[in-house]
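**Student:** So I've got this file, input38.cif, and it contains mmCIF, C-alpha atoms:
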data_work
#
loop_
_atom_site.label_atom_id
_atom_site.label_comp_id
_atom_site.auth_asym_id
_atom_site.auth_seq_id
_atom_site.Cartn_x
_atom_site.Cartn_y
_atom_site.Cartn_z
CA MET A 1023 48.88 161.01 55.68
CA GLY A 1024 45.24 161.63 55.14
CA HIS A 1025 43.41 163.73 52.60
CA TRP A 1026 44.83 167.22 52.10
CA SER A 1027 41.64 168.84 53.41
CA VAL A 1028 41.78 166.85 56.65
CA ARG A 1029 45.48 167.63 57.08
CA ALA A 1030 44.88 171.33 56.46
CA MET A 1031 42.00 171.57 58.91
CA THR A 1032 43.95 169.65 61.53
CA LEU A 1033 46.93 171.97 61.19
CA VAL A 1034 44.75 175.08 61.34
CA LEU A 1035 42.86 173.93 64.40
CA ALA A 1036 46.01 172.76 66.17
CA GLY A 1037 47.67 176.07 65.33
CA LEU A 1038 44.74 177.99 66.78
CA THR A 1039 45.06 176.08 70.06
CA LEU A 1040 48.70 177.18 70.25
CA VAL A 1041 47.97 180.82 69.52
CA PHE A 1042 44.73 181.43 71.44
CA PRO A 1043 44.41 180.23 75.06
CA ARG A 1044 40.62 180.33 74.80
CA VAL A 1045 40.72 177.87 71.91
CA LEU A 1046 43.21 175.72 73.83
CA ARG A 1047 40.69 175.36 76.68
CA ALA A 1048 37.61 175.00 74.48
CA PRO A 1049 36.22 171.45 74.43
CA ALA A 1050 34.94 172.05 70.89
CA ALA A 1051 38.50 172.46 69.61
CA TRP A 1052 39.52 169.08 70.98
CA TYR A 1053 36.32 167.41 69.82
CA GLY A 1054 37.17 168.85 66.42
CA LEU A 1055 40.70 167.47 66.49
CA ALA A 1056 39.46 164.07 67.67
CA LEU A 1057 36.97 164.04 64.81
CA LEU A 1058 39.53 165.07 62.18
CA ILE A 1059 42.01 162.45 63.33
CA SER A 1060 39.25 159.83 63.33
CA ILE A 1061 38.28 160.79 59.78
CA ARG A 1062 41.90 160.36 58.77
CA ILE A 1063 42.05 156.91 60.42
CA ILE A 1064 38.84 155.73 58.76
CA ALA A 1065 39.77 157.11 55.33
CA ASP A 1066 43.23 155.53 55.37
CA TRP A 1067 42.37 152.38 57.29
CA PRO A 1068 44.26 150.14 58.00
CA VAL A 1069 47.44 152.05 57.16
CA PRO A 1070 47.61 154.51 60.14
CA ASP A 1071 49.94 153.55 62.96
CA ASN A 1072 48.60 152.72 66.40
CA HIS A 1073 49.75 155.96 67.98
CA ILE A 1074 47.38 157.85 65.66
CA TYR A 1075 44.51 155.98 67.28
CA LEU A 1076 45.91 156.87 70.72
CA LEU A 1077 46.17 160.50 69.61
CA ALA A 1078 42.48 160.48 68.66
CA TYR A 1079 41.52 158.98 72.05
CA TRP A 1080 43.73 161.57 73.80
CA CYS A 1081 42.09 164.48 71.98
CA LEU A 1082 38.70 163.07 72.98
CA ALA A 1083 39.91 162.73 76.57
CA LEU A 1084 41.00 166.38 76.56
CA ALA A 1085 37.65 167.49 75.17
CA LEU A 1086 35.73 165.49 77.78
CA ALA A 1087 37.94 166.68 80.64
CA LEU A 1088 37.68 170.34 79.68
CA GLY A 1089 33.91 170.03 79.91
CA ALA A 1090 34.10 168.66 83.46
CA ARG A 1091 34.16 170.60 86.71
CA ASP A 1092 37.49 169.14 87.82
CA ALA A 1093 39.31 168.97 84.50
CA ASP A 1094 42.69 168.11 86.06
CA ARG A 1095 41.40 165.07 87.90
CA VAL A 1096 39.30 163.81 85.03
CA LEU A 1097 42.21 164.14 82.61
CA MET A 1098 44.59 162.49 85.05
CA ARG A 1099 42.39 159.43 85.41
CA SER A 1100 41.61 159.29 81.71
CA SER A 1101 45.32 159.43 80.88
CA CYS A 1102 45.96 156.63 83.35
CA LEU A 1103 43.36 154.41 81.75
CA LEU A 1104 44.48 155.11 78.19
CA ILE A 1105 48.12 154.36 78.96
CA GLY A 1106 47.16 151.31 81.00
CA PHE A 1107 44.91 149.75 78.38
CA ALA A 1108 47.25 150.55 75.49
CA PHE A 1109 50.10 148.79 77.26
CA LEU A 1110 47.79 145.97 78.32
CA MET A 1111 46.98 145.27 74.66
CA ALA A 1112 50.66 145.49 73.72
CA PHE A 1113 51.44 142.98 76.49
CA VAL A 1114 48.62 140.64 75.48
CA TRP A 1115 49.75 140.64 71.86
CA LYS A 1116 53.29 139.71 72.82
CA ALA A 1117 52.49 137.25 75.58
CA ALA A 1118 49.49 135.44 74.17
CA LEU A 1119 48.45 136.33 70.65
CA SER A 1120 51.66 136.40 68.67
CA PRO A 1121 53.11 133.05 67.59
CA ASP A 1122 56.65 134.38 67.08
CA TYR A 1123 57.39 136.72 69.96
CA LEU A 1124 58.11 134.69 73.09
CA ASP A 1125 60.52 132.33 71.34
CA GLY A 1126 62.63 135.31 70.33
CA ARG A 1127 61.98 135.07 66.60
CA PHE A 1128 60.59 138.59 66.31
CA PHE A 1129 63.66 140.34 67.67
CA GLN A 1130 66.12 137.95 66.05
CA VAL A 1131 64.61 138.68 62.66
CA THR A 1132 63.99 142.39 63.25
CA LEU A 1133 67.45 143.15 64.61
CA ILE A 1134 68.96 141.66 61.47
CA THR A 1135 66.56 142.79 58.76
CA ASP A 1136 65.38 146.23 59.89
CA PRO A 1137 67.99 148.79 58.76
CA ARG A 1138 66.89 151.14 61.54
CA PHE A 1139 68.28 148.69 64.09
CA GLU A 1140 71.47 148.01 62.17
CA ASN A 1141 73.76 150.19 64.26
CA ALA A 1142 72.30 148.95 67.53
CA THR A 1143 72.77 145.37 66.30
CA LYS A 1144 76.42 146.04 65.46
CA LEU A 1145 77.00 147.97 68.68
CA LEU A 1146 75.30 145.65 71.13
CA GLY A 1147 74.88 142.41 69.19
CA GLY A 1148 78.48 142.00 68.17
CA LEU A 1149 77.71 141.43 64.50
CA THR A 1150 80.13 142.76 61.92
CA ALA A 1151 78.82 144.28 58.70
CA GLN A 1152 79.75 141.06 56.87
CA GLN A 1153 77.95 138.85 59.38
CA LEU A 1154 74.92 141.09 59.14
CA ASP A 1155 74.86 140.75 55.35
CA GLN A 1156 75.21 136.96 55.61
CA SER A 1157 72.41 136.82 58.15
CA ARG A 1158 70.16 138.89 55.92
CA GLN A 1159 70.87 136.51 53.05
CA HIS A 1160 69.91 133.58 55.26
CA LEU A 1161 66.60 135.24 56.09
CA GLN A 1162 65.62 135.70 52.45
CA PRO A 1163 62.77 133.34 51.55
CA LEU A 1164 63.54 130.82 48.83
CA PRO A 1165 61.17 129.98 45.98
CA GLU A 1166 59.11 126.90 46.69
CA GLY A 1167 61.16 123.74 46.37
CA ALA A 1168 64.46 125.57 46.06
CA GLU A 1169 67.49 124.89 48.23
CA LEU A 1170 70.68 126.84 48.66
CA LEU A 1171 73.80 125.31 47.07
CA ASP A 1172 75.78 126.31 50.11
CA ASP A 1173 73.38 126.33 53.04
CA SER A 1174 75.61 127.67 55.77
CA GLU A 1175 74.20 127.40 59.25
CA PHE A 1176 72.67 130.44 60.84
CA ASP A 1177 75.07 130.91 63.72
CA GLU A 1178 74.66 134.12 65.65
CA PRO A 1179 77.24 135.35 68.17
CA GLN A 1180 76.32 134.95 71.83
CA ALA A 1181 76.11 138.73 72.21
CA PHE A 1182 73.42 138.83 69.52
CA LYS A 1183 71.43 136.04 71.13
CA ARG A 1184 71.65 137.87 74.45
CA LEU A 1185 70.52 141.11 72.80
CA ALA A 1186 67.53 139.40 71.21
CA SER A 1187 66.63 137.66 74.45
CA VAL A 1188 67.00 140.76 76.62
CA SER A 1189 64.97 142.79 74.12
CA THR A 1190 62.23 140.14 73.99
CA TRP A 1191 61.78 139.68 77.71
CA GLY A 1192 62.73 143.19 78.74
CA LEU A 1193 60.09 144.78 76.55
CA LEU A 1194 57.46 142.26 77.61
CA ILE A 1195 58.14 142.74 81.32
CA VAL A 1196 58.25 146.54 81.16
CA GLU A 1197 55.04 146.74 79.15
CA GLY A 1198 53.35 144.35 81.57
CA LEU A 1199 54.52 146.38 84.54
CA ILE A 1200 53.30 149.61 82.99
CA ALA A 1201 49.89 148.11 82.28
CA PHE A 1202 49.73 146.86 85.87
CA VAL A 1203 50.73 150.06 87.64
CA PHE A 1204 48.47 152.20 85.48
CA LEU A 1205 45.37 150.04 85.81
CA VAL A 1206 45.64 149.01 89.44
CA PRO A 1207 44.56 151.71 91.92
CA LEU A 1208 47.70 153.00 93.61
CA ARG A 1209 48.03 155.47 96.43
CA GLY A 1210 50.77 157.47 98.05
CA ARG A 1211 54.28 156.60 96.95
CA GLY A 1212 52.99 153.79 94.76
CA VAL A 1213 51.91 156.40 92.24
CA ALA A 1214 55.56 157.22 91.67
CA LEU A 1215 55.96 153.81 90.03
CA ARG A 1216 53.81 155.00 87.15
CA HIS A 1217 56.14 157.87 86.40
CA ILE A 1218 59.26 155.77 86.89
CA PHE A 1219 58.15 153.00 84.53
CA LEU A 1220 56.72 155.32 81.90
CA LEU A 1221 59.80 157.52 81.81
CA LEU A 1222 62.10 154.49 81.80
CA PHE A 1223 60.16 152.95 78.94
CA CYS A 1224 60.27 156.10 76.82
CA VAL A 1225 63.91 156.94 77.49
CA VAL A 1226 65.15 153.42 76.68
CA THR A 1227 62.74 152.27 73.98
CA TYR A 1228 62.81 155.32 71.77
CA ALA A 1229 66.58 155.32 71.72
CA PHE A 1230 66.17 152.29 69.49
CA ALA A 1231 62.61 152.17 68.18
CA PRO A 1232 62.08 154.72 65.42
CA VAL A 1233 58.61 155.84 66.50
CA ALA A 1234 59.33 159.15 68.19
CA GLY A 1235 55.73 160.33 67.72
CA PHE A 1236 54.51 157.57 70.01
CA GLY A 1237 57.08 158.53 72.63
CA TRP A 1238 56.10 162.19 72.54
CA LEU A 1239 52.44 161.31 72.91
CA LEU A 1240 53.07 159.02 75.89
CA LEU A 1241 55.23 161.67 77.56
CA THR A 1242 52.56 164.32 76.98
CA MET A 1243 50.00 162.03 78.57
CA GLY A 1244 52.45 161.50 81.42
CA VAL A 1245 52.59 165.24 82.07
CA ALA A 1246 48.83 165.15 82.63
CA LEU A 1247 49.46 162.72 85.49
CA CYS A 1248 51.57 165.22 87.41
CA GLU A 1249 50.06 167.00 90.39
CA PRO A 1250 50.26 170.82 90.21
CA GLY A 1251 53.10 171.01 92.71
CA HIS A 1252 55.30 168.42 91.03
CA ARG A 1253 57.43 170.81 88.99
CA TRP A 1254 60.48 168.55 89.00
CA LEU A 1255 58.46 165.66 87.66
CA ARG A 1256 57.01 167.80 84.90
CA SER A 1257 60.50 169.00 84.06
CA GLY A 1258 61.55 165.36 83.88
CA TYR A 1259 58.87 164.64 81.31
CA VAL A 1260 59.88 167.70 79.29
CA ALA A 1261 63.52 166.60 79.45
CA ALA A 1262 62.54 163.12 78.28
CA TRP A 1263 60.52 164.69 75.47
CA CYS A 1264 63.62 166.59 74.35
CA LEU A 1265 65.73 163.44 74.65
CA VAL A 1266 63.37 161.53 72.37
CA LEU A 1267 63.63 164.42 69.91
CA LEU A 1268 67.43 164.12 70.00
CA TYR A 1269 67.19 160.37 69.48
CA ASP A 1270 65.17 161.09 66.36
CA GLU A 1271 67.62 163.65 65.01
CA VAL A 1272 71.03 162.44 66.16
CA PRO A 1273 72.31 159.12 64.75
CA TRP A 1274 73.83 158.25 68.10
CA SER A 1275 74.19 154.53 67.48
CA TRP A 1276 75.94 155.15 64.15
CA LEU A 1277 78.30 157.60 65.86
CA MET A 1278 79.04 155.05 68.58
CA VAL A 1279 79.76 152.34 66.01
CA LYS A 1280 82.13 154.66 64.14
CA TRP A 1281 83.87 155.74 67.33
CA LEU A 1282 84.34 152.16 68.50
CA ALA A 1283 85.62 151.13 65.08
CA LYS A 1284 88.25 153.86 65.27
CA ALA A 1285 89.14 152.98 68.85
CA MET B 1416 50.19 177.82 82.71
CA ALA B 1417 50.77 180.40 85.53
CA ASP B 1418 50.79 179.26 89.16
CA GLY B 1419 47.70 181.33 89.92
CA GLN B 1420 45.76 179.66 87.16
CA GLU B 1421 46.90 176.23 88.31
CA LYS B 1422 45.61 176.88 91.82
CA GLU B 1423 42.38 178.27 90.44
CA ILE B 1424 41.65 175.18 88.40
CA SER B 1425 42.80 172.68 91.04
CA ILE B 1426 41.16 174.18 94.13
CA ARG B 1427 38.05 175.69 92.61
CA ASP B 1428 34.97 173.58 93.17
CA ARG B 1429 37.02 170.47 93.91
CA LYS B 1430 34.24 167.97 93.60
CA SER B 1431 34.65 164.31 92.86
CA PRO B 1432 35.76 163.78 89.28
CA THR B 1433 32.80 161.48 88.90
CA ALA B 1434 30.34 164.37 89.28
CA ASN B 1435 28.95 166.08 86.18
CA GLY B 1436 29.00 162.79 84.24
CA GLY B 1437 32.64 162.35 85.20
CA THR B 1438 32.61 158.58 85.18
CA LEU B 1439 31.68 158.48 81.52
CA ARG B 1440 34.06 161.34 80.75
CA ILE B 1441 36.88 159.38 82.34
CA TRP B 1442 36.07 156.00 80.86
CA LEU B 1443 34.76 156.78 77.36
CA PRO B 1444 38.16 157.15 75.61
CA ALA B 1445 39.44 153.96 77.26
CA ILE B 1446 36.26 152.08 76.34
CA LEU B 1447 36.67 153.16 72.73
CA LEU B 1448 40.30 152.05 72.82
CA MET B 1449 39.34 148.59 74.01
CA VAL B 1450 36.44 148.19 71.56
CA VAL B 1451 38.72 149.07 68.64
CA ALA B 1452 41.54 146.92 70.00
CA ILE B 1453 39.34 143.86 70.47
CA THR B 1454 37.91 144.33 66.99
CA GLN B 1455 41.47 144.50 65.67
CA VAL B 1456 42.37 141.25 67.40
CA LEU B 1457 39.33 139.53 65.89
CA LEU B 1458 40.15 140.82 62.40
CA SER B 1459 43.78 139.74 62.79
CA LYS B 1460 42.78 136.25 63.78
CA THR B 1461 39.97 135.78 61.27
CA ALA B 1462 40.64 138.05 58.30
CA GLU B 1463 44.42 138.35 58.01
CA LEU B 1464 44.63 141.94 59.23
CA SER B 1465 48.26 142.64 60.06
CA PRO B 1466 48.72 142.76 63.86
CA TRP B 1467 50.86 145.89 63.42
CA LYS B 1468 47.86 147.96 62.35
CA GLY B 1469 44.24 148.56 63.18
CA GLY B 1470 44.57 150.05 66.65
CA GLY B 1471 45.28 146.89 68.60
CA PHE B 1472 48.82 147.86 69.67
CA GLY B 1473 50.29 144.68 68.24
CA MET B 1474 53.29 146.44 66.69
CA PHE B 1475 56.70 145.04 67.64
CA ALA B 1476 54.96 141.80 68.67
CA THR B 1477 55.28 139.77 65.48
CA THR B 1478 57.06 139.62 62.16
CA ASP B 1479 53.67 139.76 60.40
CA GLY B 1480 53.95 143.41 59.40
CA THR B 1481 54.55 145.42 56.26
CA ALA B 1482 58.18 144.29 56.05
CA PHE B 1483 57.22 140.66 55.50
CA ARG B 1484 54.08 140.90 53.42
CA ARG B 1485 54.05 141.69 49.74
CA VAL B 1486 51.58 142.16 46.95
CA ARG B 1487 52.02 140.73 43.47
CA ILE B 1488 49.89 141.85 40.55
CA PHE B 1489 49.34 139.85 37.37
CA VAL B 1490 47.28 140.71 34.31
CA GLU B 1491 45.97 138.33 31.70
CA ALA B 1492 44.42 138.93 28.30
CA ALA B 1493 44.50 137.33 24.90
CA GLY B 1494 48.19 137.01 24.08
CA ARG B 1495 49.22 138.52 27.38
CA SER B 1496 50.11 137.19 30.79
CA GLU B 1497 52.55 139.16 32.90
CA GLU B 1498 53.38 140.42 36.34
CA LEU B 1499 53.22 144.18 36.81
CA GLU B 1500 55.20 146.49 39.03
CA ILE B 1501 53.02 148.43 41.42
CA ALA B 1502 52.53 151.86 39.90
CA PRO B 1503 53.15 154.89 42.17
CA SER B 1504 49.47 155.83 41.92
CA GLN B 1505 48.51 152.40 43.23
CA GLU B 1506 51.00 152.17 46.10
CA PHE B 1507 48.54 153.28 48.75
CA SER B 1508 45.84 150.87 47.56
CA ALA B 1509 48.45 148.12 47.47
CA ALA B 1510 49.52 148.94 51.02
CA ARG B 1511 45.94 148.68 52.22
CA ALA B 1512 45.45 145.36 50.45
CA GLN B 1513 48.76 144.10 51.82
CA LEU B 1514 47.74 144.89 55.40
CA PHE B 1515 44.13 143.73 55.10
CA PRO B 1516 43.58 141.48 52.08
CA SER B 1517 39.78 141.64 52.08
CA ASP B 1518 37.65 141.38 48.95
CA ARG B 1519 36.98 145.11 49.13
CA MET B 1520 40.63 146.14 49.40
CA LEU B 1521 41.77 143.67 46.76
CA GLY B 1522 38.88 144.59 44.47
CA GLY B 1523 39.73 148.26 44.76
CA LEU B 1524 43.32 147.60 43.80
CA ALA B 1525 42.28 145.33 40.93
CA ARG B 1526 39.93 147.97 39.54
CA ALA B 1527 42.71 150.57 39.75
CA VAL B 1528 45.10 148.26 37.91
CA ALA B 1529 42.54 147.45 35.21
CA GLY B 1530 41.71 151.11 34.77
CA ARG B 1531 45.34 152.06 34.37
CA GLU B 1532 46.01 149.31 31.82
CA GLU B 1533 43.00 150.43 29.80
CA ARG B 1534 44.11 154.08 29.91
CA TYR B 1535 47.44 153.03 28.43
CA GLY B 1536 45.69 150.98 25.74
CA ARG B 1537 46.87 147.64 27.05
CA PRO B 1538 44.38 144.77 26.98
CA VAL B 1539 43.34 143.23 30.28
CA GLN B 1540 40.72 140.61 30.99
CA ILE B 1541 41.77 139.29 34.35
CA VAL B 1542 43.67 141.00 37.14
CA ARG B 1543 45.13 138.66 39.71
CA ILE B 1544 46.29 140.00 43.08
CA GLU B 1545 48.37 137.79 45.35
CA VAL B 1546 49.23 138.71 48.93
CA TRP B 1547 52.17 136.79 50.34
CA ARG B 1548 53.63 136.53 53.80
CA THR B 1549 57.13 135.49 54.86
CA GLU B 1550 57.33 133.29 57.93
CA PHE B 1551 60.36 132.17 59.90
CA SER B 1552 60.75 128.79 61.51
CA PRO B 1553 61.77 128.61 65.17
CA VAL B 1554 65.48 128.15 65.98
CA SER B 1555 66.84 127.96 62.43
CA LEU B 1556 64.82 131.00 61.22
CA ASP B 1557 64.41 129.39 57.80
CA ALA B 1558 62.25 131.74 55.77
CA THR B 1559 59.34 130.54 53.68
CA GLU B 1560 56.65 132.42 51.87
CA ARG B 1561 53.02 131.45 51.77
CA PRO B 1562 50.09 133.07 50.01
CA LEU B 1563 47.56 134.74 52.29
CA ARG B 1564 45.04 135.50 49.51
CA VAL B 1565 44.76 135.00 45.76
CA PHE B 1566 42.15 137.25 44.17
CA ASP B 1567 41.05 137.18 40.53
CA TRP B 1568 39.13 140.11 39.08
CA HIS B 1569 37.38 139.46 35.75
CA VAL B 1570 37.18 142.82 34.09
CA ASP B 1571 34.32 142.32 31.62
CA GLN B 1572 32.08 140.53 34.07
CA ALA B 1573 33.07 142.60 37.11
CA LEU B 1574 33.33 139.22 38.74
CA HIS B 1575 35.86 138.24 41.30
CA ILE B 1576 37.01 134.92 42.56
CA SER B 1577 39.05 134.75 45.68
CA ARG B 1578 40.95 131.93 47.27
CA GLN B 1579 42.70 131.66 50.60
#
What's the structure tokens form of this structure?
**Tutor:**
Amino acid sequence: MGHWSVRAMTLVLAGLTLVFPRVLRAPAAWYGLALLISIRIIADWPVPDNHIYLLAYWCLALALALGARDADRVLMRSSCLLIGFAFLMAFVWKAALSPDYLDGRFFQVTLITDPRFENATKLLGGLTAQQLDQSRQHLQPLPEGAELLDDSEFDEPQAFKRLASVSTWGLLIVEGLIAFVFLVPLRGRGVALRHIFLLLFCVVTYAFAPVAGFGWLLLTMGVALCEPGHRWLRSGYVAAWCLVLLYDEVPWSWLMVKWLAKA
Amino acid sequence: MADGQEKEISIRDRKSPTANGGTLRIWLPAILLMVVAITQVLLSKTAELSPWKGGGFGMFATTDGTAFRRVRIFVEAAGRSEELEIAPSQEFSAARAQLFPSDRMLGGLARAVAGREERYGRPVQIVRIEVWRTEFSPVSLDATERPLRVFDWHVDQALHISRQ
């Protein structure tokens, strides 16, 4: 997305940061990337996804941190705030601003209608392909005043209702917890909660939600939270990054559905 | 990054991160995030911006996204009144109007439609853009559509009339 000139400049500048360490550590490079991404957002508004905004803020955070005396600490705290506030807004939307989230409507509708969740719905929701088709028919809007000749009741299996309910409340609770642990000052072992919740969120959510770019960005921001001596934790973030990549490339839920059907 | 470099950056001049304008450096990106997010919430609640977009992190919170909004385009002229498919060249404009059905977005799409019809030698006097949203009732999930905006663009007068 974005005008070809903006895309080209972004790719060139990003490529330069990979090739030349001096460019990687130059605040100007990151100010440049933040600016280019912002231009793309403004030019295409409101089409860009939310993680593009977060990417722009992150590039700005990198630029600002690299200009500070203690870049590590500044970046660590900036990353904390960005993750915290992003999840706070996600939580607020679900808990207070959306009229169709808490009653389960969002996930009931999405699990049935979004083809990207089809295999997960069959695998975990207990719906057969025929039931899924019937459910999709039921969710088609009718022209004003029209009624179905055979209006069969929308009767989901218990497994599907449980899946929708667990998804609804599980996502809300995890996002709320992440917002809390990232925005509240924590010390000592409490800091570990940030890593635990963030990694858990990314590893579980992006197995199902087809927004790998968001997952990679969050995991990259998570790496910035690691103290220099925490090699295992950094390796954990890298491993999670690779896992999200595999989720994006390997149709694991489709393979599971096929395997179970054969079994 | 090599271990030596890590130690150099971490230990060297380990002052408070709030020195050298650090407080602003730390908080500025987050402040921008919240300003944009609050603006997005206001636009969603007052101007029909889709909660999935606009930087408010409302995705996966509501069915009011691209999947359940649609744009319909109608053209009228003497002896002509028909609905048009969205041309490939207009898909991006239509997506913007679908997500944020403001006068500006709808007007831009209407002008593009009128221009295309004129290029193909087809008469057009009025371009009507309708943005619809599908909603689902609680429990039964019965689906109904309702119009978010109806926008009429009068080609010869460059006049538009919009209804909500």
**Student:** How would you write, as a ChimeraX atom specification, the residues chosen by the PyMOL selection byres ((chain B) within 7 of (chain A)) on this structure?
**Tutor:** /B:1421,1425,1429-1430,1432,1435,1437,1440-1442,1444-1445,1468-1473,1476-1478,1511,1514,1549,1553,1555-1560
**Student:** Residues picked by the PyMOL selection byres ((chain A and resi 1144-1152) around 7) here, as a PyMOL selection string?
**Tutor:** chain A and resi 1140-1143+1153-1156+1179+1181-1182+1185+1279
**Student:** Could you pull out every residue with an atom within 10 Å of (54.6, 154.3, 81.7), file coordinates, counting all atoms listed in the file, and send them as an NGL selection string?
**Tutor:** :A and (1102 or 1105-1106 or 1109 or 1196-1197 or 1199-1204 or 1215-1224 or 1240-1241 or 1243-1244)
**Student:** Taking all atoms of stretch 1240-1249 of chain A that appear in the file, build a box with edges along x, y and z, extend it by 8 Å on every side, and state its centre and edge lengths in Å to one decimal, as AutoDock Vina command-line options.
**Tutor:**
--center_x 52.0 --center_y 163.0 --center_z 83.1 --size_x 22.4 --size_y 24.0 --size_z 30.5
**Student:** I'd like to know which of B:Val1528, B:Val1542, B:Asp1518, B:Arg1484 is closest to B:Ile1501, using all atoms listed in the file.
**Tutor:**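 The shortest atom-to-atom distance to B:Ile1501 comes from B:Val1528.
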